[in-house]
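Next comes work.txt, a file with compact mmCIF, C-alpha atoms.
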# COMPACT_ATOMS: atom_id res chain seq x y z
CA MET U 18 0.00 0.00 0.00
CA ARG U 19 2.73 2.45 0.95
CA THR U 20 4.54 1.66 -2.29
CA ALA U 21 1.38 2.33 -4.30
CA ARG U 22 0.77 5.67 -2.55
CA ARG U 23 4.37 6.74 -3.20
CA SER U 24 3.92 5.83 -6.87
CA GLU U 25 0.68 7.85 -7.11
CA SER U 26 2.35 10.87 -5.44
CA SER U 27 5.29 10.63 -7.82
CA ASP U 28 2.94 10.48 -10.82
CA ALA U 29 1.07 13.59 -9.59
CA SER U 30 4.32 15.53 -9.17
CA THR U 31 5.39 14.53 -12.66
CA GLN U 32 2.08 15.71 -14.13
CA LEU U 33 2.41 19.06 -12.32
CA ALA U 34 5.94 19.53 -13.57
CA THR U 35 4.94 18.74 -17.15
CA ARG U 36 1.78 20.87 -17.18
CA PRO U 37 1.61 23.00 -20.33
CA ALA U 38 2.88 26.55 -19.97
CA GLU U 39 -0.49 28.04 -20.91
CA ASN U 40 -2.07 26.55 -17.80
CA MET U 41 0.55 28.07 -15.48
CA PRO U 42 0.09 31.63 -14.14
CA ALA U 43 2.06 34.06 -16.31
CA GLU U 44 4.80 36.15 -14.68
CA PRO U 45 4.43 39.93 -15.08
CA ALA U 46 6.62 41.34 -17.84
CA VAL U 47 9.25 43.89 -16.84
CA ALA U 48 9.23 46.89 -19.14
CA LEU U 49 12.66 48.15 -20.18
CA THR U 50 12.85 51.92 -19.77
CA ARG U 51 15.08 53.70 -22.23
CA HIS U 52 16.02 57.36 -21.92
CA TRP U 53 16.85 58.75 -25.37
CA ARG U 54 17.48 62.36 -24.32
CA THR U 55 21.25 61.97 -24.07
CA PRO U 56 21.80 60.39 -27.53
CA ILE U 57 19.48 63.00 -29.06
CA MET U 58 21.35 65.87 -27.43
CA PHE U 59 24.67 64.35 -28.49
CA GLY U 60 23.39 64.03 -32.05
CA VAL U 61 22.14 67.63 -32.20
CA PHE U 62 25.39 69.07 -30.87
CA GLY U 63 27.42 66.72 -33.06
CA LEU U 64 25.60 68.03 -36.15
CA LEU U 65 26.20 71.56 -34.89
CA ALA U 66 29.92 70.87 -34.60
CA LEU U 67 30.05 69.28 -38.04
CA VAL U 68 27.93 71.79 -39.97
CA VAL U 69 28.55 75.12 -38.24
CA PHE U 70 32.16 74.62 -37.13
CA GLY U 71 33.31 72.42 -40.00
CA LEU U 72 31.33 72.89 -43.21
CA LEU U 73 30.30 76.55 -43.09
CA PRO U 74 33.67 78.34 -42.55
CA ASP U 75 35.78 79.21 -45.57
CA GLY U 76 38.69 76.92 -46.28
CA GLY U 77 42.36 77.81 -46.33
CA ARG U 78 42.63 79.12 -42.76
CA GLU U 79 44.62 77.52 -39.97
CA SER U 80 44.30 77.44 -36.17
CA THR U 81 47.45 77.64 -34.07
CA PHE U 82 47.69 76.51 -30.44
CA GLY U 83 50.74 77.33 -28.33
CA LEU U 84 51.82 74.61 -25.90
CA SER U 85 54.64 76.26 -23.95
CA LEU U 86 55.22 79.45 -21.99
CA ARG U 87 58.36 81.54 -22.31
CA ASP U 88 59.89 80.38 -19.03
CA ASP U 89 59.10 76.66 -19.47
CA VAL U 90 62.07 74.33 -19.19
CA ILE U 91 60.81 72.14 -22.03
CA GLN U 92 59.73 74.13 -25.06
CA LEU U 93 57.21 72.61 -27.46
CA ALA U 94 56.48 73.94 -30.90
CA PRO U 95 52.96 75.31 -31.48
CA ILE U 96 50.44 73.02 -33.13
CA THR U 97 48.92 74.32 -36.36
CA VAL U 98 45.94 72.50 -37.85
CA PRO U 99 43.69 73.21 -40.85
CA SER U 100 40.64 74.82 -39.27
CA LYS U 101 38.01 73.30 -41.53
CA LEU U 102 39.42 69.79 -41.67
CA ALA U 103 40.03 69.59 -37.91
CA ALA U 104 36.51 70.84 -37.14
CA ILE U 105 35.02 68.28 -39.54
CA LEU U 106 36.97 65.42 -37.96
CA LEU U 107 35.98 66.50 -34.45
CA GLY U 108 32.36 66.81 -35.57
CA VAL U 109 32.52 63.24 -36.89
CA VAL U 110 33.94 62.13 -33.54
CA CYS U 111 31.00 63.81 -31.77
CA LEU U 112 28.53 62.03 -34.05
CA GLY U 113 30.32 58.73 -33.43
CA ILE U 114 29.97 59.23 -29.69
CA ALA U 115 26.28 60.04 -30.22
CA ALA U 116 25.84 56.78 -32.16
CA TYR U 117 27.58 54.79 -29.41
CA ALA U 118 25.39 56.47 -26.79
CA ALA U 119 22.30 55.53 -28.83
CA TRP U 120 23.50 51.91 -29.00
CA GLN U 121 24.04 51.83 -25.23
CA THR U 122 20.56 53.26 -24.70
CA TYR U 123 19.05 50.69 -27.07
CA LEU U 124 20.63 47.94 -24.98
CA GLY U 125 19.05 49.46 -21.88
CA ARG U 126 22.36 50.61 -20.41
CA ARG U 127 23.10 53.94 -18.82
CA VAL U 128 25.34 56.34 -20.76
CA PRO U 129 28.55 56.51 -18.68
CA LEU U 130 29.88 59.81 -17.39
CA TRP U 131 33.24 59.37 -19.14
CA LEU U 132 31.44 59.30 -22.47
CA SER U 133 29.80 62.64 -21.73
CA ILE U 134 33.17 64.08 -20.71
CA THR U 135 34.76 62.80 -23.94
CA PHE U 136 31.96 64.32 -25.99
CA GLY U 137 32.38 67.64 -24.16
CA VAL U 138 36.12 67.70 -24.86
CA ALA U 139 35.62 66.92 -28.56
CA PHE U 140 32.92 69.57 -28.92
CA VAL U 141 35.01 72.22 -27.15
CA LEU U 142 38.02 71.44 -29.37
CA ALA U 143 35.82 71.76 -32.46
CA PHE U 144 34.56 75.13 -31.20
CA LEU U 145 38.10 76.31 -30.45
CA THR U 146 39.33 75.28 -33.89
CA TRP U 147 36.53 77.29 -35.46
CA ALA U 148 36.87 80.32 -33.17
CA VAL U 149 40.67 80.56 -33.46
CA ALA U 150 40.74 80.15 -37.24
CA GLY U 151 43.36 82.49 -38.67
CA SER U 152 44.78 83.34 -35.22
CA GLU U 153 46.87 81.85 -32.42
CA ILE U 154 46.20 81.30 -28.74
CA SER U 155 48.29 79.84 -25.94
CA LEU U 156 46.57 76.66 -24.83
CA THR U 157 48.64 76.56 -21.63
CA SER U 158 47.65 80.09 -20.64
CA ALA U 159 44.01 79.31 -21.38
CA LEU U 160 44.15 76.25 -19.15
CA GLN U 161 45.82 78.25 -16.37
CA GLY U 162 43.01 80.79 -16.49
CA THR U 163 40.46 78.00 -16.54
CA LEU U 164 41.82 76.43 -13.36
CA ALA U 165 42.03 79.82 -11.63
CA LEU U 166 38.36 80.52 -12.31
CA SER U 167 37.34 76.97 -11.39
CA VAL U 168 38.87 76.76 -7.89
CA PRO U 169 36.04 78.60 -6.06
CA LEU U 170 33.48 76.70 -8.15
CA ILE U 171 34.95 73.35 -7.10
CA PHE U 172 34.92 74.28 -3.41
CA GLY U 173 31.37 75.57 -3.76
CA ALA U 174 30.21 72.45 -5.59
CA LEU U 175 31.68 70.26 -2.83
CA CYS U 176 29.88 72.43 -0.27
CA GLY U 177 26.52 71.91 -1.98
CA MET U 178 27.18 68.20 -2.45
CA MET U 179 27.90 67.67 1.26
CA GLY U 180 24.52 69.10 2.15
CA GLU U 181 22.40 67.64 -0.62
CA ARG U 182 23.80 64.16 -0.17
CA THR U 183 22.05 64.23 3.20
CA GLY U 184 18.89 65.86 1.85
CA VAL U 185 19.59 69.55 2.62
CA ILE U 186 19.40 71.99 -0.29
CA ASN U 187 22.10 74.64 0.10
CA ILE U 188 21.32 77.76 -1.92
CA ALA U 189 23.54 79.83 0.39
CA ILE U 190 26.81 78.82 -1.32
CA GLU U 191 27.16 82.32 -2.72
CA GLY U 192 26.95 83.83 0.77
CA GLN U 193 29.41 81.32 2.20
CA LEU U 194 31.96 82.04 -0.54
CA LEU U 195 31.57 85.78 -0.03
CA ALA U 196 31.86 85.48 3.75
CA GLY U 197 35.06 83.46 3.40
CA ALA U 198 36.53 86.02 1.01
CA PHE U 199 35.62 88.90 3.33
CA LEU U 200 36.85 87.49 6.63
CA SER U 201 40.05 86.04 5.18
CA GLY U 202 40.99 89.42 3.71
CA VAL U 203 40.16 91.37 6.86
CA VAL U 204 41.94 89.00 9.26
CA ALA U 205 45.01 88.70 7.03
CA SER U 206 45.18 92.52 6.81
CA LEU U 207 44.83 93.08 10.56
CA VAL U 208 47.15 90.28 11.68
CA GLY U 209 49.59 90.60 8.82
CA SER U 210 49.58 86.88 8.09
CA LEU U 211 48.08 85.19 5.07
CA TRP U 212 48.01 81.87 6.92
CA VAL U 213 45.85 83.27 9.71
CA GLY U 214 43.52 84.70 7.09
CA LEU U 215 43.34 81.31 5.42
CA ILE U 216 42.35 79.73 8.75
CA ALA U 217 39.67 82.40 9.27
CA ALA U 218 38.01 81.70 5.90
CA PRO U 219 36.46 78.32 6.82
CA ILE U 220 35.22 79.85 10.06
CA ALA U 221 33.28 82.49 8.11
CA GLY U 222 31.70 79.89 5.84
CA LEU U 223 30.94 77.70 8.81
CA ALA U 224 29.16 80.59 10.58
CA VAL U 225 26.82 81.11 7.62
CA ALA U 226 26.31 77.35 7.34
CA TRP U 227 25.47 77.18 11.05
CA VAL U 228 22.51 79.51 10.51
CA LEU U 229 21.36 77.36 7.60
CA ALA U 230 21.85 74.20 9.67
CA VAL U 231 19.84 75.60 12.56
CA PHE U 232 16.98 76.37 10.22
CA THR U 233 17.39 72.91 8.76
CA VAL U 234 16.68 71.53 12.23
CA PHE U 235 13.77 73.93 12.58
CA THR U 236 12.46 72.62 9.27
CA VAL U 237 11.59 69.43 11.11
CA ARG U 238 9.40 71.32 13.55
CA TYR U 239 8.06 74.30 11.63
CA PHE U 240 8.55 73.32 7.96
CA VAL U 241 10.78 76.25 7.04
CA ASN U 242 11.60 76.15 3.34
CA GLN U 243 15.31 75.45 2.85
CA ILE U 244 15.51 77.32 -0.46
CA ILE U 245 14.02 80.49 1.01
CA VAL U 246 16.44 80.34 3.95
CA GLY U 247 19.38 80.02 1.55
CA VAL U 248 18.26 82.99 -0.54
CA VAL U 249 17.78 85.12 2.59
CA LEU U 250 21.27 84.23 3.82
CA ASN U 251 22.76 85.24 0.48
CA VAL U 252 21.05 88.63 0.65
CA LEU U 253 22.11 89.05 4.28
CA VAL U 254 25.80 88.33 3.62
CA ILE U 255 25.85 90.57 0.54
CA GLY U 256 24.26 93.42 2.49
CA VAL U 257 26.58 93.12 5.50
CA THR U 258 29.77 92.85 3.43
CA ASN U 259 28.73 95.77 1.18
CA PHE U 260 28.07 97.96 4.23
CA LEU U 261 31.38 97.08 5.88
CA TYR U 262 33.26 97.52 2.62
CA SER U 263 31.88 101.01 1.95
CA SER U 264 32.13 102.21 5.55
CA LEU U 265 35.35 100.54 6.71
CA LEU U 266 37.40 98.59 4.18
CA SER U 267 37.37 101.15 1.40
CA PRO U 268 38.14 104.29 3.51
CA GLN U 269 40.83 102.53 5.55
CA LYS U 270 42.23 100.23 2.90
CA GLU U 271 45.78 100.06 4.26
CA THR U 272 44.59 98.77 7.64
CA TRP U 273 41.58 96.65 6.79
CA ASN U 274 41.94 95.60 3.16
CA SER U 275 45.54 94.95 2.15
CA PRO U 276 46.10 91.22 2.74
CA GLY U 277 48.29 90.44 -0.27
CA ARG U 278 48.38 87.12 -2.10
CA PHE U 279 49.95 83.72 -1.60
CA PRO U 280 52.94 83.14 -3.88
CA ARG U 281 52.89 80.42 -6.48
CA LEU U 282 54.73 77.29 -5.42
CA GLU U 283 56.47 75.01 -7.92
CA ILE U 284 56.54 71.29 -7.27
CA PRO U 285 59.94 69.99 -8.41
CA VAL U 286 60.00 67.82 -11.53
CA LEU U 287 56.20 67.88 -11.90
CA SER U 288 56.11 71.61 -12.66
CA GLU U 289 58.57 71.06 -15.52
CA MET U 290 56.21 68.79 -17.46
CA PRO U 291 54.97 70.35 -20.70
CA VAL U 292 51.48 71.91 -20.58
CA ILE U 293 50.34 69.99 -17.47
CA GLY U 294 53.20 71.17 -15.26
CA PRO U 295 52.59 74.94 -15.43
CA VAL U 296 48.84 74.42 -15.18
CA LEU U 297 48.59 72.00 -12.26
CA PHE U 298 51.87 72.18 -10.36
CA HIS U 299 52.73 75.88 -10.38
CA GLN U 300 49.92 77.11 -8.16
CA THR U 301 49.17 78.64 -4.78
CA ILE U 302 48.69 76.63 -1.60
CA ILE U 303 44.90 76.99 -1.86
CA VAL U 304 44.89 75.10 -5.17
CA TYR U 305 46.99 72.29 -3.69
CA ILE U 306 44.57 72.11 -0.76
CA MET U 307 41.77 71.79 -3.29
CA TYR U 308 43.45 68.75 -4.88
CA VAL U 309 43.63 67.03 -1.49
CA VAL U 310 40.05 67.95 -0.57
CA VAL U 311 38.63 66.53 -3.81
CA VAL U 312 40.44 63.21 -3.36
CA LEU U 313 39.47 62.92 0.30
CA ALA U 314 35.84 63.81 -0.45
CA HIS U 315 35.59 61.12 -3.11
CA ILE U 316 37.17 58.46 -0.90
CA ALA U 317 35.14 59.44 2.15
CA LEU U 318 31.85 59.52 0.28
CA PHE U 319 32.16 56.25 -1.61
CA ARG U 320 34.74 54.16 0.28
CA THR U 321 33.99 54.68 3.98
CA ARG U 322 31.28 53.87 6.49
CA TRP U 323 30.72 57.59 7.01
CA GLY U 324 29.98 58.04 3.32
CA LEU U 325 27.56 55.14 3.33
CA ARG U 326 25.67 56.72 6.21
CA VAL U 327 25.58 60.09 4.50
CA ARG U 328 24.19 58.62 1.29
CA ALA U 329 21.69 56.52 3.23
CA VAL U 330 20.37 59.63 5.00
CA GLY U 331 19.83 61.38 1.68
CA GLU U 332 18.25 58.41 -0.08
CA HIS U 333 16.16 56.74 2.64
CA PRO U 334 16.29 58.48 6.05
CA GLU U 335 13.71 56.13 7.58
CA ALA U 336 15.87 53.11 6.84
CA ALA U 337 18.92 54.97 8.14
CA ASP U 338 17.05 55.87 11.32
CA THR U 339 16.03 52.26 11.76
CA ALA U 340 19.71 51.28 11.51
CA GLY U 341 20.53 53.61 14.39
CA ILE U 342 21.78 56.63 12.40
CA ARG U 343 20.77 60.02 13.80
CA VAL U 344 19.46 61.55 10.60
CA ASN U 345 19.24 65.19 11.59
CA SER U 346 22.60 65.12 13.35
CA VAL U 347 24.24 63.83 10.16
CA ARG U 348 22.51 66.57 8.17
CA PHE U 349 23.60 69.24 10.65
CA ARG U 350 27.25 68.19 10.61
CA ASN U 351 27.40 67.88 6.82
CA VAL U 352 25.99 71.35 6.29
CA LEU U 353 28.65 72.73 8.63
CA LEU U 354 31.37 70.79 6.81
CA GLY U 355 30.17 72.11 3.47
CA GLY U 356 30.15 75.67 4.80
CA ALA U 357 33.76 75.34 5.91
CA LEU U 358 34.73 74.15 2.41
CA ALA U 359 32.88 77.05 0.78
CA GLY U 360 34.59 79.53 3.10
CA LEU U 361 37.96 78.06 2.13
CA GLY U 362 37.03 78.46 -1.53
CA GLY U 363 36.05 82.07 -0.90
CA SER U 364 39.54 82.81 0.40
CA TYR U 365 40.89 82.12 -3.09
CA PHE U 366 39.26 85.31 -4.36
CA THR U 367 41.07 87.45 -1.77
CA LEU U 368 44.27 85.60 -0.91
CA GLY U 369 44.87 83.64 -4.09
CA ALA U 370 43.76 85.78 -7.02
CA VAL U 371 43.09 89.47 -6.33
CA GLY U 372 44.97 90.30 -3.14
CA LEU U 373 42.17 92.38 -1.61
CA PHE U 374 38.44 92.25 -0.99
CA SER U 375 35.96 94.07 -3.23
CA SER U 376 32.20 94.42 -3.10
CA GLU U 377 30.33 91.32 -4.33
CA MET U 378 33.53 89.90 -5.76
CA THR U 379 32.10 86.37 -6.00
CA ALA U 380 29.83 87.58 -8.84
CA GLY U 381 27.40 84.65 -8.76
CA ALA U 382 30.05 81.94 -8.40
CA GLY U 383 27.93 80.20 -5.77
CA PHE U 384 25.07 79.63 -8.19
CA ILE U 385 27.41 78.39 -10.91
CA ALA U 386 28.93 76.03 -8.32
CA LEU U 387 25.44 74.75 -7.61
CA ALA U 388 24.99 74.11 -11.31
CA ALA U 389 28.35 72.32 -11.45
CA MET U 390 27.23 70.06 -8.61
CA ILE U 391 24.05 69.15 -10.51
CA MET U 392 25.89 68.62 -13.78
CA GLY U 393 28.43 66.46 -11.95
CA ARG U 394 25.65 64.22 -10.60
CA TRP U 395 26.42 64.97 -6.96
CA THR U 396 29.87 63.37 -7.15
CA PRO U 397 33.21 65.08 -6.40
CA ILE U 398 34.92 64.01 -9.65
CA GLY U 399 31.92 64.94 -11.77
CA ALA U 400 31.65 68.31 -10.06
CA VAL U 401 35.34 68.99 -10.77
CA PHE U 402 34.94 68.37 -14.51
CA ALA U 403 31.75 70.45 -14.63
CA ALA U 404 33.43 73.32 -12.77
CA LEU U 405 36.40 73.16 -15.14
CA LEU U 406 34.03 73.33 -18.10
CA PHE U 407 32.30 76.40 -16.64
CA GLY U 408 35.65 78.00 -15.84
CA PHE U 409 36.84 77.34 -19.37
CA ALA U 410 33.73 78.96 -20.86
CA ASN U 411 34.18 81.98 -18.61
CA ASN U 412 37.89 82.34 -19.37
CA LEU U 413 37.38 81.90 -23.08
CA GLN U 414 35.59 85.23 -23.40
CA SER U 415 38.76 87.13 -22.52
CA VAL U 416 40.92 84.89 -24.71
CA LEU U 417 38.68 85.40 -27.74
CA GLY U 418 38.54 89.12 -27.03
CA ILE U 419 42.33 89.35 -27.17
CA ILE U 420 42.57 87.69 -30.59
CA GLY U 421 39.67 89.77 -31.93
CA SER U 422 37.18 86.96 -32.43
CA PRO U 423 33.77 88.10 -33.76
CA ILE U 424 31.99 85.98 -31.13
CA PRO U 425 30.27 88.36 -28.66
CA SER U 426 31.67 88.19 -25.12
CA GLU U 427 28.11 88.19 -23.76
CA PHE U 428 27.57 84.82 -25.41
CA MET U 429 30.46 83.33 -23.47
CA LEU U 430 29.05 84.81 -20.25
CA MET U 431 25.81 82.95 -20.97
CA ALA U 432 27.62 79.68 -21.69
CA PRO U 433 27.72 78.30 -18.10
CA TYR U 434 23.99 78.79 -17.67
CA LEU U 435 23.19 77.36 -21.09
CA LEU U 436 25.34 74.34 -20.26
CA THR U 437 23.38 73.89 -17.04
CA ILE U 438 20.07 73.93 -18.92
CA PHE U 439 21.33 71.36 -21.42
CA ALA U 440 22.76 69.23 -18.61
CA VAL U 441 19.48 69.14 -16.72
CA ALA U 442 17.70 68.39 -20.01
CA GLY U 443 19.78 65.23 -20.37
CA LEU U 444 23.11 66.14 -21.96
CA VAL U 445 25.05 64.17 -19.33
CA GLY U 446 22.47 61.46 -18.96
CA ARG U 447 19.64 61.09 -16.51
CA ILE U 448 20.19 63.39 -13.53
CA ARG U 449 18.54 62.25 -10.31
CA PRO U 450 19.16 64.04 -7.02
CA PRO U 451 19.10 62.19 -3.68
CA ALA U 452 15.58 60.92 -3.10
CA PHE U 453 14.90 63.00 0.05
CA ASN U 454 16.62 66.14 -1.16
CA GLY U 455 14.91 69.19 0.36
CA GLN U 456 12.46 67.17 2.43
CA PRO U 457 12.39 67.43 6.23
CA TYR U 458 12.64 64.24 8.21
CA ILE U 459 10.18 63.80 11.04
CA LYS U 460 10.87 60.80 13.21
CA SER U 461 7.70 58.79 13.67

Could you express the structure from this file as C-alpha cells?
Amino acid sequence: MRTARRSESSDASTQLATRPAENMPAEPAVALTRHWRTPIMFGVFGLLALVVFGLLPDGGRESTFGLSLRDDVIQLAPITVPSKLAAILLGVVCLGIAAYAAWQTYLGRRVPLWLSITFGVAFVLAFLTWAVAGSEISLTSALQGTLALSVPLIFGALCGMMGERTGVINIAIEGQLLAGAFLSGVVASLVGSLWVGLIAAPIAGLAVAWVLAVFTVFTVRYFVNQIIVGVVLNVLVIGVTNFLYSSLLSPQKETWNSPGRFPRLEIPVLSEMPVIGPVLFHQTIIVYIMYVVVVLAHIALFRTRWGLRVRAVGEHPEAADTAGIRVNSVRFRNVLLGGALAGLGGSYFTLGAVGLFSSEMTAGAGFIALAAMIMGRWTPIGAVFAALLFGFANNLQSVLGIIGSPIPSEFMLMAPYLLTIFAVAGLVGRIRPPAFNGQPYIKS
C-alpha cells in the first residue's frame, strides 16, 4: 500500500511539472525603460559641430595653439591644424559618440559619465578650432586661467554636495563664498599673516552654514523652506559685506583691506612637465589644498562607512534611522562641513587671485557652483569636470577678445547657464538628485 501511494504521489508531481505553460500563471513582464534624451542631445550638438564649425567656414585658414610658456624648461612647438578639416573630424567624432550612446541606450544601459566628458572635450576642441581660425592662442595660458576661475566653483560644488547628499538643499553657497573672502581678507590685513587669514576663511563659511543648519533643524518642527532660507542668507551676507566695505574697508584700505596674495609654489619635476606642469603644479597653496580635498571627499563619500551613512540619509532616512543613524545630526554636521569648504574656496578670491576684498567679488560663483554640482551628478569628480568646463567657458571670453574673435563676449558669459540647462535636459544622462533632497525628516 505504501509503495502504491508513493507511486501515485510521484505520478502527480510529474504531471504538475509537465503541465503546459499556458495553464501556469504568467509572470508579469518587466518593461525596459530607455532614456533617449542623451543620444538625441549628443546628435544635435554633433551636427552643430560638423555643420557650423566644419562645413560653413571658408577653407584655407589655420588654427594655431601654443603649448609652452616663455619660461618653461621644455619648449614645445605650437600646433597648427587646418581649421576646416580639424573641425570636420571632431564633428565626426562627436557624431560617433552620439551613435555609441544611442546603441548603449538601445541595450538598456546607462550612458557613462566618461562618455559625456569625452563628448564635451571633442565639442570644445571643435569650437576652439573654429573660433581661433586664422589666429593663435596659448593653450597653456588658457588652461591656467580656466583652473584659476574653477577653484572657487569646485569648493562651492563640494559644499553643496555635502549638504544635498544628506537631503539639505544649500542655496547659500554664494553667501558662504563671499563670507570666506571677506573674513580672510580682513583677518590677514589686521594680523599681517596670510596663513591666519586662510584659517579664518572656513570659520566664516561655517558661521553662515550654522545659521542654515539651525533652520534645517527647525524645518523638522516648523517646515521652514530650505531654499528660502538660503536665498535670505545670500542677501544678508551681501548686504553686510557691502556695508562694511563702503564704511570701513574702502576708507581705511591700508589697515583693513591689504592682505596680499599667496605666492605660487612650484613642485619639483612635476612643474617642468609640458602643458600639465605649469597648469597643475605651479599654483598657490589653496589650489593644492583643493586637490587634497577633492580626493578625500571622493574616498570618504564612496569608500567609507561615514559616506555610506551620508548617502543613506539622503536616499532613505527612515531606513537609516532604523539602523541607528541620527538623521538630523548627520545633516547638521554635513551642512557645517560644506560651509567650511565654501569659506575656504572664498579665500581664493582674496588671498589667491586678487589680493584684496571688493564688493560682491564672488559675482554669482555660488550659483554656478550649484549648477556644477548638478551637472556632476552629486559626485566630487563629476563636479570637478563640470566646474572646469564652466571656468573654461568663462575664461574663453577674454581669450577670444584678445585675438579679436567676432563671437560676442556676452555669449560666453551665458555659456555656463546654457550648459546647465542642457545638462538638466539630459546632456550628461539622466540626472537624479538624492531621493529625500529638500524634504524634512520627522521621526515617527

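Proximity of U:Ile188, U:Ile419, U:Val312, U:Val228 to Gly173 (chain U), computed with all atoms listed in the file, is greatest for U:Ile188.
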
Need to verify the contact set: region 136-149 of chain U, 6 Å, all atoms listed in the file, exclusion of same-chain residues closer than 6 positions in sequence. Can you return it as a VMD selection string? chain U and resid 70 80 100 104 107 111

When you count only C-alpha atoms, which of these residues is closest to Thr233 (chain U): U:Leu353, U:Ala115, U:Ala317, U:Leu164? U:Leu353

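Going from CA of Gly222 (chain U) to CA of Gly197 (chain U) covers 5.5 Å.
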
Closest to Ser155 (chain U) among U:Leu413, U:Ala404, U:Val310, U:Gly355, using all atoms listed in the file? U:Leu413

U:Ala226, U:Val249, U:Ala336, U:Val185: which is nearest Gly455 (chain U), counting all atoms listed in the file?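 Nearest to Gly455 (chain U): U:Val185.
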
Select, from U:Val241, U:Ile420, U:Leu297, U:Val311, the residue with the minimum atom-to-atom distance to Thr157 (chain U), counting all atoms listed in the file. U:Leu297

Please provide the set of residues having any atom within 12 Å of Val248 (chain U), restricted to all atoms listed in the file, with same-chain residues fewer than 5 positions apart removed, written as a list in words. Ile186, Asn187, Ile188, Ala189, Ile190, Glu191, Gly192, Gln193, Val225, Leu229, Asn242, Gln243, Leu253, Val254, Ile255, Gly383 and Phe384 of chain U

Between CA of Leu200 (chain U) and CA of Gly399 (chain U), what is the distance in Å, rounded to a tenth?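 Going from CA of Leu200 (chain U) over to CA of Gly399 (chain U) covers 29.5 Å.
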
Quick one, how far is CA of Ile216 (chain U) from CA of Pro276 (chain U)?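 Distance reported for this atom pair: 13.5 Å.
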
Would you pick out the contacts of Gln300 (chain U) at 12 Å or less, using all atoms listed in the file, so that residues sharing its chain but fewer than 2 positions from it are not included, and give the list as a PyMOL selection string? chain U and resi 161-162+164-165+168+278-284+287-288+293-298+302-308+365+369-370

Give the answer as one residue: which of U:Ile459, U:Val309, U:Met58, U:Leu215 has the shortest atom-to-atom distance to Ala198 (chain U), using only C-alpha atoms?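 The answer is U:Leu215, which sits nearest to Ala198 (chain U).
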
So that I can check the surroundings of Leu175 (chain U), please list as a VMD selection string every protein, DNA and RNA residue that reaches within 10 Å of it, counting only C-alpha atoms and ignoring chain neighbours fewer than 4 positions away. chain U and resid 169 to 171 179 to 181 190 310 to 311 314 to 315 354 to 356 358 to 359 362 386 to 387 389 to 390 395 to 398 400 to 401

Just the residues within 8 Å of Pro334 (chain U), please, counting only C-alpha atoms, with nothing from its chain fewer than 5 positions along; format it as JSON, numbers by chain. {"U": [329, 344, 453, 458]}
